[in-house]
$ cat coords.cif   # mmCIF, N, CA and C atoms
data_target
#
loop_
_atom_site.label_atom_id
_atom_site.label_comp_id
_atom_site.auth_asym_id
_atom_site.auth_seq_id
_atom_site.Cartn_x
_atom_site.Cartn_y
_atom_site.Cartn_z
N MET C 273 60.17 -48.16 -46.82
CA MET C 273 61.01 -48.19 -45.66
C MET C 273 62.19 -47.26 -45.87
N CYS C 274 62.58 -46.67 -44.78
CA CYS C 274 63.63 -45.66 -44.85
C CYS C 274 64.82 -46.14 -44.03
N TYR C 275 66.01 -46.04 -44.64
CA TYR C 275 67.22 -46.45 -43.95
C TYR C 275 68.08 -45.21 -43.68
N TYR C 276 68.74 -45.21 -42.55
CA TYR C 276 69.68 -44.12 -42.30
C TYR C 276 70.82 -44.67 -41.45
N PHE C 277 71.92 -43.98 -41.49
CA PHE C 277 73.10 -44.38 -40.73
C PHE C 277 73.13 -43.63 -39.42
N ARG C 278 73.78 -44.23 -38.46
CA ARG C 278 73.91 -43.57 -37.17
C ARG C 278 74.89 -42.42 -37.28
N THR C 279 74.92 -41.61 -36.22
CA THR C 279 75.79 -40.43 -36.20
C THR C 279 77.25 -40.86 -36.16
N PRO C 280 78.18 -39.99 -36.50
CA PRO C 280 79.60 -40.35 -36.49
C PRO C 280 80.10 -40.81 -35.13
N LYS C 281 79.52 -40.37 -34.02
CA LYS C 281 79.96 -40.85 -32.71
C LYS C 281 79.79 -42.35 -32.60
N LYS C 282 78.63 -42.80 -33.03
CA LYS C 282 78.38 -44.24 -32.98
C LYS C 282 79.32 -44.97 -33.92
N PHE C 283 79.66 -44.31 -35.02
CA PHE C 283 80.54 -44.94 -36.00
C PHE C 283 81.91 -45.18 -35.37
N TYR C 284 82.43 -44.21 -34.67
CA TYR C 284 83.74 -44.38 -34.05
C TYR C 284 83.67 -45.31 -32.85
N ARG C 285 82.57 -45.30 -32.19
CA ARG C 285 82.44 -46.16 -31.03
C ARG C 285 82.35 -47.65 -31.44
N ASN C 286 81.81 -47.86 -32.59
CA ASN C 286 81.65 -49.23 -33.04
C ASN C 286 82.85 -49.71 -33.87
N ARG C 287 83.90 -48.98 -33.88
CA ARG C 287 85.17 -49.33 -34.54
C ARG C 287 85.00 -49.62 -36.01
N GLY C 288 84.40 -48.66 -36.69
CA GLY C 288 84.34 -48.78 -38.13
C GLY C 288 83.16 -49.53 -38.66
N ARG C 289 82.42 -50.20 -37.82
CA ARG C 289 81.25 -50.90 -38.31
C ARG C 289 80.06 -49.97 -38.32
N ARG C 290 79.42 -49.96 -39.40
CA ARG C 290 78.22 -49.14 -39.50
C ARG C 290 77.02 -49.98 -39.15
N GLU C 291 76.15 -49.31 -38.40
CA GLU C 291 74.93 -50.00 -38.05
C GLU C 291 73.79 -49.38 -38.84
N VAL C 292 73.07 -50.19 -39.46
CA VAL C 292 71.94 -49.73 -40.24
C VAL C 292 70.69 -50.04 -39.45
N HIS C 293 69.89 -49.01 -39.26
CA HIS C 293 68.64 -49.17 -38.53
C HIS C 293 67.48 -48.90 -39.45
N LYS C 294 66.46 -49.62 -39.24
CA LYS C 294 65.24 -49.41 -40.00
C LYS C 294 64.31 -48.52 -39.17
N THR C 295 63.69 -47.55 -39.83
CA THR C 295 62.67 -46.77 -39.16
C THR C 295 61.37 -47.01 -39.87
N VAL C 296 60.39 -47.12 -39.11
CA VAL C 296 59.08 -47.35 -39.68
C VAL C 296 58.45 -46.01 -39.95
N SER C 297 58.01 -45.82 -41.13
CA SER C 297 57.34 -44.57 -41.49
C SER C 297 55.98 -44.58 -40.81
N SER C 298 55.84 -43.67 -39.89
CA SER C 298 54.59 -43.62 -39.15
C SER C 298 53.87 -42.32 -39.45
N SER C 299 52.74 -42.18 -38.85
CA SER C 299 51.95 -40.98 -39.06
C SER C 299 52.55 -39.77 -38.35
N THR C 300 53.47 -40.00 -37.40
CA THR C 300 54.09 -38.87 -36.69
C THR C 300 54.93 -38.02 -37.64
N GLY C 301 55.56 -38.57 -38.59
CA GLY C 301 56.35 -37.83 -39.57
C GLY C 301 55.46 -36.94 -40.41
N LYS C 302 54.32 -37.42 -40.78
CA LYS C 302 53.38 -36.62 -41.56
C LYS C 302 52.79 -35.50 -40.70
N ILE C 303 52.56 -35.76 -39.45
CA ILE C 303 52.00 -34.74 -38.57
C ILE C 303 53.03 -33.65 -38.34
N SER C 304 54.28 -33.99 -38.15
CA SER C 304 55.29 -32.98 -37.91
C SER C 304 55.43 -32.08 -39.15
N THR C 305 55.34 -32.63 -40.32
CA THR C 305 55.39 -31.81 -41.54
C THR C 305 54.15 -30.93 -41.61
N GLY C 306 53.01 -31.47 -41.27
CA GLY C 306 51.77 -30.70 -41.26
C GLY C 306 51.81 -29.59 -40.22
N ILE C 307 52.39 -29.92 -39.05
CA ILE C 307 52.49 -28.91 -37.99
C ILE C 307 53.42 -27.79 -38.43
N LYS C 308 54.52 -28.15 -39.09
CA LYS C 308 55.46 -27.13 -39.59
C LYS C 308 54.77 -26.23 -40.61
N PHE C 309 54.03 -26.86 -41.51
CA PHE C 309 53.33 -26.06 -42.53
C PHE C 309 52.28 -25.16 -41.89
N LEU C 310 51.53 -25.71 -40.92
CA LEU C 310 50.51 -24.92 -40.23
C LEU C 310 51.14 -23.76 -39.45
N ALA C 311 52.27 -24.01 -38.78
CA ALA C 311 52.96 -22.95 -38.04
C ALA C 311 53.45 -21.86 -39.00
N ALA C 312 54.01 -22.27 -40.14
CA ALA C 312 54.48 -21.29 -41.13
C ALA C 312 53.31 -20.49 -41.68
N PHE C 313 52.19 -21.16 -41.91
CA PHE C 313 51.00 -20.47 -42.42
C PHE C 313 50.48 -19.46 -41.39
N ILE C 314 50.44 -19.85 -40.12
CA ILE C 314 49.97 -18.95 -39.06
C ILE C 314 50.91 -17.75 -38.92
N VAL C 315 52.21 -17.98 -39.02
CA VAL C 315 53.17 -16.87 -38.95
C VAL C 315 52.97 -15.92 -40.12
N CYS C 316 52.77 -16.46 -41.31
CA CYS C 316 52.56 -15.61 -42.49
C CYS C 316 51.26 -14.81 -42.36
N VAL C 317 50.19 -15.46 -41.91
CA VAL C 317 48.92 -14.75 -41.73
C VAL C 317 49.08 -13.67 -40.67
N GLY C 318 49.76 -13.99 -39.57
CA GLY C 318 50.02 -12.99 -38.53
C GLY C 318 50.83 -11.82 -39.06
N LEU C 319 51.81 -12.11 -39.90
CA LEU C 319 52.63 -11.06 -40.50
C LEU C 319 51.79 -10.16 -41.40
N VAL C 320 50.93 -10.76 -42.21
CA VAL C 320 50.07 -9.98 -43.10
C VAL C 320 49.09 -9.13 -42.27
N ILE C 321 48.52 -9.70 -41.23
CA ILE C 321 47.61 -8.94 -40.38
C ILE C 321 48.36 -7.80 -39.68
N GLY C 322 49.56 -8.06 -39.20
CA GLY C 322 50.38 -7.01 -38.57
C GLY C 322 50.70 -5.88 -39.52
N LEU C 323 51.06 -6.23 -40.76
CA LEU C 323 51.33 -5.20 -41.76
C LEU C 323 50.08 -4.41 -42.10
N GLY C 324 48.95 -5.08 -42.14
CA GLY C 324 47.68 -4.37 -42.40
C GLY C 324 47.35 -3.40 -41.29
N ILE C 325 47.59 -3.83 -40.05
CA ILE C 325 47.34 -2.94 -38.91
C ILE C 325 48.26 -1.73 -38.97
N LEU C 326 49.53 -1.96 -39.30
CA LEU C 326 50.47 -0.84 -39.44
C LEU C 326 50.04 0.12 -40.55
N ARG C 327 49.58 -0.44 -41.66
CA ARG C 327 49.12 0.39 -42.78
C ARG C 327 47.91 1.23 -42.36
N PHE C 328 46.97 0.60 -41.65
CA PHE C 328 45.79 1.32 -41.17
C PHE C 328 46.19 2.43 -40.20
N HIS C 329 47.12 2.14 -39.30
CA HIS C 329 47.58 3.14 -38.33
C HIS C 329 48.27 4.31 -39.05
N ALA C 330 49.08 4.02 -40.06
CA ALA C 330 49.75 5.08 -40.82
C ALA C 330 48.73 5.95 -41.55
N ALA C 331 47.69 5.34 -42.11
CA ALA C 331 46.65 6.12 -42.78
C ALA C 331 45.89 6.98 -41.79
N ARG C 332 45.62 6.45 -40.60
CA ARG C 332 44.92 7.22 -39.58
C ARG C 332 45.76 8.41 -39.12
N LEU C 333 47.06 8.21 -38.95
CA LEU C 333 47.95 9.30 -38.57
C LEU C 333 48.05 10.35 -39.67
N ALA C 334 48.06 9.92 -40.93
CA ALA C 334 48.11 10.87 -42.04
C ALA C 334 46.84 11.71 -42.07
N TYR C 335 45.70 11.09 -41.81
CA TYR C 335 44.44 11.84 -41.76
C TYR C 335 44.45 12.85 -40.62
N TYR C 336 44.95 12.43 -39.46
CA TYR C 336 45.03 13.33 -38.31
C TYR C 336 45.97 14.49 -38.59
N LEU C 337 47.11 14.20 -39.23
CA LEU C 337 48.07 15.25 -39.57
C LEU C 337 47.47 16.24 -40.56
N GLU C 338 46.70 15.74 -41.50
CA GLU C 338 46.05 16.63 -42.48
C GLU C 338 45.03 17.54 -41.79
N SER C 339 44.28 16.99 -40.83
CA SER C 339 43.31 17.82 -40.13
C SER C 339 44.00 18.88 -39.27
N VAL C 340 45.13 18.53 -38.67
CA VAL C 340 45.89 19.51 -37.89
C VAL C 340 46.43 20.61 -38.81
N ASN C 341 46.94 20.23 -39.96
CA ASN C 341 47.44 21.23 -40.92
C ASN C 341 46.32 22.15 -41.40
N GLN C 342 45.14 21.62 -41.61
CA GLN C 342 44.01 22.45 -42.03
C GLN C 342 43.62 23.44 -40.93
N SER C 343 43.62 22.99 -39.68
CA SER C 343 43.28 23.90 -38.59
C SER C 343 44.35 24.97 -38.41
N ILE C 344 45.62 24.61 -38.61
CA ILE C 344 46.70 25.61 -38.54
C ILE C 344 46.52 26.65 -39.64
N GLN C 345 46.19 26.20 -40.84
CA GLN C 345 45.98 27.13 -41.95
C GLN C 345 44.79 28.05 -41.66
N LYS C 346 43.73 27.48 -41.10
CA LYS C 346 42.55 28.28 -40.78
C LYS C 346 42.88 29.35 -39.74
N TYR C 347 43.63 28.97 -38.71
CA TYR C 347 43.98 29.92 -37.67
C TYR C 347 44.96 30.98 -38.17
N SER C 348 45.86 30.61 -39.06
CA SER C 348 46.78 31.62 -39.60
C SER C 348 46.03 32.62 -40.49
N ASP C 349 45.05 32.14 -41.25
CA ASP C 349 44.22 33.07 -42.04
C ASP C 349 43.43 34.00 -41.13
N GLU C 350 42.89 33.45 -40.05
CA GLU C 350 42.15 34.27 -39.10
C GLU C 350 43.07 35.30 -38.43
N GLU C 351 44.32 34.91 -38.17
CA GLU C 351 45.27 35.85 -37.57
C GLU C 351 45.56 37.01 -38.52
N VAL C 352 45.70 36.73 -39.81
CA VAL C 352 45.94 37.79 -40.78
C VAL C 352 44.77 38.77 -40.79
N VAL C 353 43.55 38.25 -40.78
CA VAL C 353 42.37 39.12 -40.78
C VAL C 353 42.33 39.96 -39.51
N LEU C 354 42.61 39.36 -38.36
CA LEU C 354 42.59 40.09 -37.10
C LEU C 354 43.68 41.16 -37.04
N ARG C 355 44.85 40.86 -37.59
CA ARG C 355 45.92 41.87 -37.63
C ARG C 355 45.52 43.05 -38.51
N GLN C 356 44.86 42.78 -39.62
CA GLN C 356 44.40 43.87 -40.48
C GLN C 356 43.36 44.71 -39.76
N GLU C 357 42.45 44.07 -39.04
CA GLU C 357 41.45 44.82 -38.29
C GLU C 357 42.10 45.65 -37.18
N LEU C 358 43.10 45.10 -36.52
CA LEU C 358 43.80 45.83 -35.47
C LEU C 358 44.52 47.05 -36.03
N SER C 359 45.19 46.87 -37.15
CA SER C 359 45.90 48.01 -37.74
C SER C 359 44.91 49.07 -38.21
N ALA C 360 43.74 48.67 -38.65
CA ALA C 360 42.73 49.65 -39.05
C ALA C 360 42.17 50.37 -37.83
N LEU C 361 42.03 49.67 -36.71
CA LEU C 361 41.50 50.30 -35.50
C LEU C 361 42.51 51.24 -34.84
N VAL C 362 43.77 50.95 -34.96
CA VAL C 362 44.81 51.73 -34.30
C VAL C 362 45.29 52.89 -35.17
N ALA C 363 44.88 52.93 -36.41
CA ALA C 363 45.32 54.00 -37.31
C ALA C 363 44.88 55.36 -36.75
N PRO C 364 45.72 56.40 -36.88
CA PRO C 364 45.39 57.72 -36.33
C PRO C 364 44.11 58.32 -36.91
N ILE C 365 43.86 58.13 -38.18
CA ILE C 365 42.64 58.70 -38.78
C ILE C 365 41.41 58.03 -38.21
N ARG C 366 41.52 56.75 -37.91
CA ARG C 366 40.40 56.02 -37.32
C ARG C 366 40.12 56.51 -35.89
N ILE C 367 41.18 56.72 -35.14
CA ILE C 367 41.02 57.23 -33.77
C ILE C 367 40.41 58.63 -33.81
N TYR C 368 40.88 59.47 -34.72
CA TYR C 368 40.37 60.83 -34.83
C TYR C 368 38.89 60.82 -35.21
N SER C 369 38.52 59.98 -36.18
CA SER C 369 37.11 59.94 -36.59
C SER C 369 36.23 59.37 -35.48
N TYR C 370 36.72 58.39 -34.72
CA TYR C 370 35.95 57.85 -33.59
C TYR C 370 35.75 58.92 -32.52
N CYS C 371 36.80 59.66 -32.21
CA CYS C 371 36.68 60.72 -31.20
C CYS C 371 35.70 61.80 -31.65
N ARG C 372 35.72 62.15 -32.91
CA ARG C 372 34.85 63.19 -33.42
C ARG C 372 33.40 62.71 -33.45
N GLU C 373 33.16 61.47 -33.88
CA GLU C 373 31.79 60.97 -34.02
C GLU C 373 31.19 60.53 -32.69
N SER C 374 31.91 59.73 -31.94
CA SER C 374 31.34 59.14 -30.73
C SER C 374 31.45 60.06 -29.52
N LEU C 375 32.57 60.73 -29.38
CA LEU C 375 32.79 61.53 -28.18
C LEU C 375 32.42 63.00 -28.37
N GLY C 376 32.17 63.40 -29.59
CA GLY C 376 31.76 64.78 -29.86
C GLY C 376 32.90 65.78 -29.82
N MET C 377 34.09 65.34 -30.02
CA MET C 377 35.22 66.26 -30.00
C MET C 377 35.25 67.06 -31.30
N GLN C 378 35.74 68.30 -31.21
CA GLN C 378 35.81 69.17 -32.38
C GLN C 378 37.25 69.60 -32.57
N LYS C 379 37.53 69.99 -33.80
CA LYS C 379 38.87 70.44 -34.14
C LYS C 379 39.11 71.80 -33.48
N VAL C 380 40.32 72.02 -32.97
CA VAL C 380 40.67 73.28 -32.34
C VAL C 380 40.86 74.33 -33.43
N MET C 381 40.15 75.45 -33.28
CA MET C 381 40.21 76.50 -34.30
C MET C 381 41.41 77.42 -34.10
N LYS C 382 41.70 77.77 -32.87
CA LYS C 382 42.77 78.72 -32.61
C LYS C 382 43.75 78.06 -31.65
N ALA C 383 44.99 78.05 -32.02
CA ALA C 383 46.01 77.48 -31.17
C ALA C 383 46.76 78.59 -30.48
N GLU C 384 46.95 78.46 -29.22
CA GLU C 384 47.67 79.46 -28.45
C GLU C 384 48.98 78.86 -27.96
N THR C 385 50.00 79.72 -27.90
CA THR C 385 51.28 79.28 -27.35
C THR C 385 51.53 80.02 -26.07
N LEU C 386 52.02 79.32 -25.13
CA LEU C 386 52.32 79.91 -23.83
C LEU C 386 53.83 80.02 -23.66
N PRO C 387 54.33 81.23 -23.43
CA PRO C 387 55.78 81.34 -23.19
C PRO C 387 56.12 80.81 -21.80
N VAL C 388 57.17 80.08 -21.69
CA VAL C 388 57.60 79.52 -20.42
C VAL C 388 58.93 80.17 -20.06
N ARG C 389 58.98 80.81 -18.90
CA ARG C 389 60.22 81.44 -18.47
C ARG C 389 61.13 80.40 -17.85
N SER C 390 62.39 80.55 -18.10
CA SER C 390 63.35 79.63 -17.49
C SER C 390 63.70 80.12 -16.10
N ARG C 391 64.12 79.23 -15.27
CA ARG C 391 64.51 79.62 -13.93
C ARG C 391 65.79 80.43 -13.97
N ASN C 392 66.03 81.22 -13.03
CA ASN C 392 67.18 82.11 -13.03
C ASN C 392 68.37 81.46 -12.33
N THR C 393 68.57 80.21 -12.51
CA THR C 393 69.71 79.55 -11.87
C THR C 393 70.94 79.66 -12.73
N GLY C 394 70.79 79.58 -14.02
CA GLY C 394 71.93 79.70 -14.91
C GLY C 394 72.83 78.47 -14.83
N LEU C 395 73.85 78.47 -15.62
CA LEU C 395 74.81 77.38 -15.61
C LEU C 395 75.89 77.64 -14.59
N ALA C 396 76.57 76.61 -14.23
CA ALA C 396 77.64 76.75 -13.24
C ALA C 396 78.79 77.57 -13.81
N ALA C 397 79.04 77.48 -15.11
CA ALA C 397 80.14 78.23 -15.71
C ALA C 397 79.83 79.72 -15.73
N SER C 398 78.59 80.13 -15.78
CA SER C 398 78.25 81.54 -15.78
C SER C 398 78.45 82.16 -14.40
N ARG C 399 78.49 81.34 -13.38
CA ARG C 399 78.69 81.85 -12.04
C ARG C 399 80.17 82.07 -11.72
N LEU C 400 81.01 81.67 -12.63
CA LEU C 400 82.44 81.84 -12.38
C LEU C 400 82.84 83.31 -12.36
N ASN C 401 82.15 84.11 -13.15
CA ASN C 401 82.50 85.51 -13.24
C ASN C 401 81.95 86.32 -12.06
N SER C 402 81.11 85.69 -11.29
CA SER C 402 80.56 86.40 -10.14
C SER C 402 81.65 86.58 -9.08
N PRO C 403 81.48 87.56 -8.21
CA PRO C 403 82.51 87.79 -7.21
C PRO C 403 82.70 86.61 -6.26
N SER C 404 81.67 85.84 -6.06
CA SER C 404 81.83 84.69 -5.16
C SER C 404 82.21 83.43 -5.94
N GLY C 405 82.66 83.57 -7.20
CA GLY C 405 83.01 82.42 -8.05
C GLY C 405 84.20 81.66 -7.54
N LEU C 406 84.43 80.54 -8.11
CA LEU C 406 85.52 79.68 -7.68
C LEU C 406 86.84 80.23 -8.23
N GLN C 407 87.88 80.07 -7.50
CA GLN C 407 89.19 80.57 -7.89
C GLN C 407 90.11 79.40 -8.21
N GLY C 408 91.11 79.65 -9.04
CA GLY C 408 92.17 78.68 -9.27
C GLY C 408 91.79 77.56 -10.23
N TRP C 409 92.40 76.41 -10.02
CA TRP C 409 92.24 75.28 -10.93
C TRP C 409 90.83 74.70 -10.87
N ARG C 410 90.15 74.94 -9.77
CA ARG C 410 88.81 74.39 -9.65
C ARG C 410 87.82 75.13 -10.54
N SER C 411 88.15 76.33 -10.96
CA SER C 411 87.22 77.08 -11.80
C SER C 411 87.06 76.44 -13.17
N GLY C 412 88.08 75.74 -13.67
CA GLY C 412 87.98 75.06 -14.96
C GLY C 412 87.06 73.84 -14.90
N LEU C 413 86.93 73.28 -13.72
CA LEU C 413 86.09 72.08 -13.56
C LEU C 413 84.76 72.39 -12.88
N ALA C 414 84.42 73.62 -12.80
CA ALA C 414 83.19 74.00 -12.12
C ALA C 414 81.95 73.46 -12.82
N TRP C 415 82.00 73.36 -14.11
CA TRP C 415 80.85 72.83 -14.84
C TRP C 415 80.61 71.36 -14.48
N LEU C 416 81.68 70.66 -14.09
CA LEU C 416 81.56 69.26 -13.74
C LEU C 416 80.92 69.09 -12.35
N PHE C 417 81.29 69.93 -11.43
CA PHE C 417 80.79 69.84 -10.07
C PHE C 417 79.46 70.54 -9.90
N GLY C 418 79.13 71.45 -10.78
CA GLY C 418 77.87 72.16 -10.71
C GLY C 418 77.88 73.26 -9.66
N ARG C 419 79.00 73.91 -9.44
CA ARG C 419 79.07 74.98 -8.43
C ARG C 419 79.23 76.32 -9.08
#
$ encode --input "coords.cif" --output "structure tokens"
Amino acid sequence: MCYYFRTPKKFYRNRGRREVHKTVSSSTGKISTGIKFLAAFIVCVGLVIGLGILRFHAARLAYYLESVNQSIQKYSDEEVVLRQELSALVAPIRIYSYCRESLGMQKVMKAETLPVRSRNTGLAASRLNSPSGLQGWRSGLAWLFGR
């Protein structure tokens, strides 16, 4: 048998007299302890399962990240190879050999130069000495105006 005292409110209400009550130990006390233990066990199992799921998800993400890194590395290696091929195709000697082999072009044996005559307009400053040239202060700035 279990004895317990009432709460302090009852103590003050009863003017200093303590009331002792008997409680009968029933099966409800054992069930409440069992329910508490079962609830704690379920929470712990749920926590372990949750942590396992998180661990599995982290491993899956790490695998996915590794596969992405491998594909990036593969594409960067392919880019290096393609850049080398492009530089080889654009090289002047490659273009010259392609033109000679595929298009049948031949090297020029004799080079000719063509003289090009300049127009007889002259500069604006050379026209200053002409009889119709500009007079006075404007003659110094004739090169600017183009007259």
$ atom_distance --input "coords.cif" --atom1 "atom C of Asp349 of chain C" --atom2 "atom CA of Leu337 of chain C"
19.4 Å
$ axis_aligned_box --input "coords.cif" --around "segment 312-322 of chain C" --padding-each-side "8 Å" --output "AutoDock Vina command-line options"
--center_x 51.0 --center_y -14.1 --center_z -40.8 --size_x 22.9 --size_y 32.4 --size_z 20.6
$ atom_distance --input "coords.cif" --atom1 "atom CA of Leu386 of chain C" --atom2 "atom CA of Tyr368 of chain C"
25.1 Å
$ atom_distance --input "coords.cif" --atom1 "atom CA of Ile367 of chain C" --atom2 "atom CA of Lys379 of chain C"
13.4 Å
$ select_by_dssp --input "coords.cif" --residues "segment 314-390 of chain C" --states "helix (DSSP H, G or I)" --output "VMD selection string"
chain C and resid 314 to 362 364 to 374
